[in-house]
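Quick notes on the structure that follows.
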Protein chains: 4
Amino acid sequence: MLNGGSSSGKSGIVRCLQAVLPEPWLAFGVDSLIEAMPPGMEGSAGGLEIAADGAVSVGPAFRALEAAWGQGLAAMVRAGARIIVDDVFLGGAASQQRWQRALAGLEVLWVGVRCDSAVAAGRELARGDRATGMAAAQAELAHRGVVYDLEIDTTHTEALDCARVIAARVKVT
Amino acid sequence: MLNGGSSSGKSGIVRCLQAVLPEPWLAFGVDSLIEAMPPGMEGSAGGLEIAADGAVSVGPAFRALEAAWGQGLAAMVRAGARIIVDDVFLGGAASQQRWQRALAGLEVLWVGVRCDSAVAAGRELARGDRATGMAAAQAELAHRGVVYDLEIDTTHTEALDCARVIAARVKVT
Amino acid sequence: MLNGGSSSGKSGIVRCLQAVLPEPWLAFGVDSLIEAMPPGMEGSAGGLEIAADGAVSVGPAFRALEAAWGQGLAAMVRAGARIIVDDVFLGGAASQQRWQRALAGLEVLWVGVRCDSAVAAGRELARGDRATGMAAAQAELAHRGVVYDLEIDTTHTEALDCARVIAARVKVT
Amino acid sequence: MLNGGSSSGKSGIVRCLQAVLPEPWLAFGVDSLIEAMPPGMEGSAGGLEIAADGAVSVGPAFRALEAAWGQGLAAMVRAGARIIVDDVFLGGAASQQRWQRALAGLEVLWVGVRCDSAVAAGRELARGDRATGMAAAQAELAHRGVVYDLEIDTTHTEALDCARVIAARVKVT
């Protein structure tokens, strides 16, 4: 479970993890969840709202689908799949607790992906496909009260090197 | 559950379904599963192979992840989510039986999405993002021995109209 | 030169044209122009504005870059390239006159791509990547006062068949 | 004109440049050229071939379209557009000479974008959308005999910072 703000570098790490881990791992994340939702979910009151300053808020309709999705990912693991999840814990510790309930009984490596706020904002600009301000808004927010097994910082470390650090812990686990 | 060959028009129908159905439905499909798999899965012996003529074959590593994924989608439904799945039943009736086992106890509307083989091949060319030959190879193959609640044909019917026909049956269900 | 409203089916026809024409043709269009523009151009006063109802308006900064781009495409043709352009003539006849000046002295086949407004709106929904309302707003608008060598209608005709009709005229030309 | 190997970070720099430069600049590159070519161009003898080890070779049909495209970009500049081009000089100095002829009489800032070969290969893996090996194959190759006004290295410098260095030189020019 990788948690970190937008443009902190989670997706690149996930792709490298899939390449360096010896077994095939499925990768899911909040982006793939949003893609699975109806287009109308974005911008609606009960769904997903992205403010002009990049602040993201989610309503009860979003939360309900997200909870069912979390249950489904847990079931995939119980059915034998290895899974990498990347998420943005907008609720910090409360988000982690929701995941802990969904993943109860499963072996989870909690990984915090940090990135200097200004650097993440620059990478957001370089990507060109995210609402400006999300990176800065989430850089600290996502980590509030969250407890990790491992923390990595992409500010000065390449995605592949981060992935190798994580993969080493996965093998131990 | 929508089943049909490549370029038969499933994705467009799914997006229209999400728009016309009054409740929010999550959409998953074989494309999103492949996207979740490691890049190395494509082209590998145990994974997913696409021959020069568009014929697709999948190995045991692919099948194992697919089975766990199916279990996970079933768990999402049990957790309260409404889900649209689009798939290509490469194994025909055998594929349907695998899904029937995964979805046991759940309410499923089995929908066959057909399209004239030559028309699907033309749409494949117009999309420009699929291996040439997949549409023709799968047009009949995907439906062999499969039993449906509803069959639609996109050859002369627009995606939105197909979606409305399906949505009407969803409401009745 | 293909002109038609959003979701009238131009892109699919272009890809089919590139496949059926015996010589290699380069394809450019208003979408690739917008992609080449700075992200800030979209939503800015002098740039490109898409209203909530799908109405598109462009300002002087957009027009200036568009004009230079048109000159550049003409130069590519003079340098020996065969080029397919797809555009939405938001200004109708005035847009065509701008193109006629840019392409002066070159052999151009003017093709109108029409689609029933309701069908185009349905395809817009099925694509899921366009602002709702653009298809309906542009279905008639794009053709006002425009004179064509050839008109095709995608309402009941597949992209590949449309491409073959156009390609036959290209050969004659 | 930005030249550098695959995954050296050109695209991110270009997007940042478009954001930090006060005037609107159009961005074109070899990727957008390839996208404009017919699908059949890729993998064909006279077109674009990507070997299993990531080596790229281009044939006469590709070269002819590329030359016309370069003439067109020059014409856009003459018509008043500011343009950023990113390319991979597969032929090193010979590629630069081709561009110099196409851009004769225009003000050009030649920028070399370097990245440590191993780091670029890691970023290639993290992107997940490029043929493995291209980054390593092109890291040195693209710069052979090329003369620059400015060289930047993305190994330890963020795209936004690189863009600012380039933008400072653009203003002086």
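Residue names in the structure tokens use chain letters A, B, ... in the order shown, residue numbers from 1 in each chain, and ligand numbers from 1 in the order shown.
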
| request: Taking only C-alpha atoms into account, report as a PyMOL selection string which residues of chain D lie within 8 Å of chain A. | output: chain D and resi 11-16+19+119+122-123+125-128+156+158-160

| region 6-121 of chain C: residues DSSP assigns to strand (DSSP E), reported as number ranges by chain | C: 26-29, 48-50, 56-58, 83-87, 111-114

| task | Mind checking which residues fall within 7 Å of Phe62 (chain B), counting only C-alpha atoms, ignoring those fewer than 4 positions away in the same chain, and posting them as a PyMOL selection string? | result | chain B and resi 46-48+58+66

| said: Just list as a ChimeraX atom specification whatever in chain B DSSP marks as helix (DSSP H, G or I). | reply: /B:10-20,30-36,39-41,60-78,93-102,117-127,134-141,159-172

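Nearest residue to Asp31 (chain D) among D:Gly43, D:Ile50, D:Ser6, D:Gly105 is D:Ser6, counting only C-alpha atoms.
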
| task | Tell me, as a list in words, which residues lie within 9 Å of Gly133 (chain B), counting only C-alpha atoms; anything in the same chain fewer than 4 positions away does not count. | result | Ala52, Asp53, Gly54, Ala55, Ala121, Glu124, Ala137 and Gln138 of chain B
